[in-house]
Amino acid sequence: MRSAVLMTMLVVLMACLVHAQGVSRTGKRDGARVMSAAKNVPQSTFHIRNYKTKRYLAFLPGTLVEPTARSRSSVTKWTLKRYQSKLYSINHDHGSLKKCISARWTNGRDDAAVMWQCELKYKKRDLSSISQERADLSMSSADGDQGLEKRYAPIDWRKQVWLLVPVHGKKNTFKIMAYTHLYDMIPTCLSSSSTGGTSSRGGTVLKKCQAGTKDPSLYWTFYKA
């Protein structure tokens with residue numbers, strides 16, 4: 001009897017921990033609603049400003065993307081590229097490296113948007129195209145005998161594409177929602193907060209949301225560059 005009670009308590013505890021990390025029993029339904037609400041938009045270059053804070057999304061050297069810029073400049077220019085219907089990458093070139101906003105996985109959840117090299121081919125990917133892309137981006141390590149190909153695995157394409165859900169009544173304004181884990185975890189939106197707060201530089205926080213969430217801090221207005 002005691003063992004049965006302990007087992008039941010363990011199952012409940014595990015369920016609570018999984019739910020706390022963002023896994024959702026309604027994930028498939030929520031994901032379908034997000035996909036239905038998302039829209040196709042023209043591919044172009046934009047300045048992207050948060051509706052609540054009036055700050056622009058800005059690229060900072062390294063892996064940083066922050067919603068902190070007060071005015072438009074070269075660091076706030078983002079290229080929206082369609083990967084497939086309703087799925088877009090948000091790109092910013094950094095020298096010879098092509099970077100795009102990517103969802104970071106930390107401690108069992110997608111916690112932030114950061115900048116990684118963009119590995120999307122915008123066409124059917126195969127092993128040869130991935131290998132060629134790695135060759136194009138290869139660089140020497142400290143000991144000079146290992147490049148990027150050997151140092152880490154290819155980035156999951158789902159981390160580098162996003163959905164745009166229009167905000168009703170607000171022109172060219174959208175929630176920017178992550179596609180990764182859309183159907184098995186609570187959906188996430190690009191927020192107005194930096195991961196480092198006001199004291200240090202970091203990425204941009206991904207906040208739990210739904211297709212119908214009404215939160216101005218999650219709204220982004222796209223201005224043609």
# chains A, B, ... in the order shown; residues from 1 in each chain; ligands from 1
>>> residues_around(residues="range 47-64 of chain A", least_positions_apart="4", cutoff="6 Å", atoms="only C-alpha atoms", output="ChimeraX atom specification")
/A:68-70,75-77,114-115,202-203,216-217,219-223,225
>>> write_last_selection(atoms="all heavy atoms", output="tab-separated table (two decimals), in the first residue's frame")
chain	number	residue	atom	x	y	z
A	68	THR	N	16.71	46.92	-27.52
A	68	THR	CA	17.16	48.06	-26.72
A	68	THR	C	17.45	49.33	-27.49
A	68	THR	O	17.68	50.38	-26.87
A	68	THR	CB	18.43	47.67	-25.95
A	68	THR	OG1	19.42	47.21	-26.89
A	68	THR	CG2	18.16	46.55	-24.94
A	69	ALA	N	17.48	49.30	-28.82
A	69	ALA	CA	17.89	50.48	-29.58
A	69	ALA	C	16.81	51.56	-29.55
A	69	ALA	O	15.63	51.29	-29.76
A	69	ALA	CB	18.20	50.10	-31.02
A	70	ARG	N	17.25	52.80	-29.32
A	70	ARG	CA	16.31	53.92	-29.24
A	70	ARG	C	15.93	54.47	-30.62
A	70	ARG	O	14.89	55.10	-30.77
A	70	ARG	CB	16.91	55.04	-28.40
A	70	ARG	CG	17.13	54.67	-26.94
A	70	ARG	CD	17.76	55.80	-26.16
A	70	ARG	NE	18.00	55.45	-24.76
A	70	ARG	CZ	17.10	55.61	-23.81
A	70	ARG	NH1	15.92	56.14	-24.10
A	70	ARG	NH2	17.39	55.27	-22.56
A	75	VAL	N	22.25	48.61	-37.31
A	75	VAL	CA	22.12	47.44	-36.43
A	75	VAL	C	20.67	47.05	-36.18
A	75	VAL	O	20.40	46.00	-35.60
A	75	VAL	CB	22.84	47.67	-35.07
A	75	VAL	CG1	24.31	47.95	-35.28
A	75	VAL	CG2	22.17	48.76	-34.27
A	76	THR	N	19.73	47.88	-36.61
A	76	THR	CA	18.31	47.55	-36.43
A	76	THR	C	17.66	47.10	-37.74
A	76	THR	O	16.44	46.94	-37.80
A	76	THR	CB	17.51	48.74	-35.85
A	76	THR	OG1	17.49	49.81	-36.80
A	76	THR	CG2	18.13	49.23	-34.54
A	77	LYS	N	18.46	46.90	-38.79
A	77	LYS	CA	17.93	46.46	-40.08
A	77	LYS	C	17.94	44.94	-40.15
A	77	LYS	O	19.00	44.31	-40.05
A	77	LYS	CB	18.75	47.05	-41.23
A	77	LYS	CG	18.55	48.54	-41.42
A	77	LYS	CD	19.46	49.09	-42.50
A	77	LYS	CE	19.09	48.54	-43.86
A	77	LYS	NZ	19.88	49.20	-44.94
A	114	VAL	N	18.67	34.38	-29.67
A	114	VAL	CA	20.07	34.78	-29.79
A	114	VAL	C	20.44	34.78	-31.28
A	114	VAL	O	19.63	34.42	-32.13
A	114	VAL	CB	21.00	33.82	-29.02
A	114	VAL	CG1	20.73	33.91	-27.51
A	114	VAL	CG2	20.82	32.38	-29.49
A	115	MET	N	21.68	35.18	-31.59
A	115	MET	CA	22.14	35.20	-32.97
A	115	MET	C	23.10	34.05	-33.20
A	115	MET	O	24.13	33.94	-32.53
A	115	MET	CB	22.83	36.53	-33.27
A	115	MET	CG	21.92	37.74	-33.26
A	115	MET	SD	20.62	37.68	-34.53
A	115	MET	CE	21.59	37.92	-36.01
A	202	GLY	N	22.79	40.72	-23.30
A	202	GLY	CA	22.38	39.33	-23.47
A	202	GLY	C	21.50	39.16	-24.69
A	202	GLY	O	21.57	39.95	-25.63
A	203	GLY	N	20.65	38.14	-24.68
A	203	GLY	CA	19.71	37.92	-25.77
A	203	GLY	C	18.38	38.57	-25.44
A	203	GLY	O	18.29	39.46	-24.60
A	216	PRO	N	0.89	43.91	-25.05
A	216	PRO	CA	1.63	44.86	-25.89
A	216	PRO	C	3.14	44.67	-25.86
A	216	PRO	O	3.83	45.05	-26.81
A	216	PRO	CB	1.23	46.22	-25.32
A	216	PRO	CG	-0.11	45.99	-24.71
A	216	PRO	CD	-0.04	44.60	-24.14
A	217	SER	N	3.67	44.06	-24.79
A	217	SER	CA	5.12	43.85	-24.73
A	217	SER	C	5.57	42.76	-25.71
A	217	SER	O	6.77	42.60	-25.96
A	217	SER	CB	5.55	43.48	-23.31
A	217	SER	OG	5.12	42.17	-22.96
A	219	TYR	N	4.19	42.64	-28.85
A	219	TYR	CA	3.83	43.13	-30.18
A	219	TYR	C	5.03	43.81	-30.83
A	219	TYR	O	5.74	44.60	-30.19
A	219	TYR	CB	2.69	44.14	-30.11
A	219	TYR	CG	1.39	43.64	-29.51
A	219	TYR	CD1	0.37	44.54	-29.19
A	219	TYR	CD2	1.16	42.30	-29.27
A	219	TYR	CE1	-0.83	44.11	-28.64
A	219	TYR	CE2	-0.04	41.86	-28.72
A	219	TYR	CZ	-1.02	42.76	-28.41
A	219	TYR	OH	-2.22	42.33	-27.86
A	220	TRP	N	5.23	43.54	-32.12
A	220	TRP	CA	6.34	44.13	-32.86
A	220	TRP	C	5.83	44.74	-34.17
A	220	TRP	O	5.16	44.07	-34.95
A	220	TRP	CB	7.40	43.07	-33.17
A	220	TRP	CG	8.04	42.53	-31.92
A	220	TRP	CD1	7.62	41.45	-31.19
A	220	TRP	CD2	9.16	43.06	-31.24
A	220	TRP	NE1	8.43	41.27	-30.10
A	220	TRP	CE2	9.40	42.24	-30.11
A	220	TRP	CE3	10.02	44.14	-31.48
A	220	TRP	CZ2	10.44	42.48	-29.21
A	220	TRP	CZ3	11.06	44.37	-30.60
A	220	TRP	CH2	11.27	43.55	-29.49
A	221	THR	N	6.16	46.01	-34.39
A	221	THR	CA	5.75	46.71	-35.60
A	221	THR	C	6.91	46.72	-36.60
A	221	THR	O	8.06	47.05	-36.22
A	221	THR	CB	5.31	48.15	-35.29
A	221	THR	OG1	4.25	48.10	-34.34
A	221	THR	CG2	4.82	48.84	-36.56
A	222	PHE	N	6.62	46.36	-37.84
A	222	PHE	CA	7.63	46.25	-38.89
A	222	PHE	C	7.58	47.50	-39.76
A	222	PHE	O	6.57	47.81	-40.40
A	222	PHE	CB	7.37	45.02	-39.74
A	222	PHE	CG	7.75	43.71	-39.08
A	222	PHE	CD1	7.14	43.31	-37.89
A	222	PHE	CD2	8.70	42.89	-39.64
A	222	PHE	CE1	7.48	42.12	-37.28
A	222	PHE	CE2	9.05	41.68	-39.03
A	222	PHE	CZ	8.45	41.30	-37.86
A	223	TYR	N	8.71	48.23	-39.81
A	223	TYR	CA	8.84	49.43	-40.64
A	223	TYR	C	9.80	49.13	-41.80
A	223	TYR	O	10.93	48.70	-41.56
A	223	TYR	CB	9.38	50.60	-39.82
A	223	TYR	CG	8.46	51.03	-38.67
A	223	TYR	CD1	8.61	50.50	-37.41
A	223	TYR	CD2	7.45	51.95	-38.90
A	223	TYR	CE1	7.79	50.88	-36.36
A	223	TYR	CE2	6.62	52.36	-37.86
A	223	TYR	CZ	6.79	51.81	-36.61
A	223	TYR	OH	5.96	52.21	-35.56
A	225	ALA	N	12.61	49.27	-44.29
A	225	ALA	CA	13.91	49.95	-44.21
A	225	ALA	C	14.25	50.63	-45.54
A	225	ALA	O	13.82	50.17	-46.59
A	225	ALA	CB	15.00	48.95	-43.84
>>> residues_around(residues="Arg82 in chain A", least_positions_apart="6", cutoff="10 Å", atoms="only C-alpha atoms", output="PyMOL selection string")
chain A and resi 40-44+88-90+122+161-162
>>> atom_distance(atom1="CA of Val165 in chain A", atom2="CA of Ala211 in chain A")
7.1 Å
>>> closest_residue(among="A:Ser71, A:Asn172, A:Thr45, A:Thr188", to="Lys159 in chain A", atoms="only C-alpha atoms")
A:Thr188
>>> select_by_dssp(residues="range 46-77 of chain A", states="strand (DSSP E)", output="list in words")
Phe46, His47, Ile48, Arg49, Asn50, Tyr56, Leu57, Ala58, Phe59, Leu60, Leu64, Val65, Glu66, Pro67, Thr68, Ala69 and Lys77 of chain A
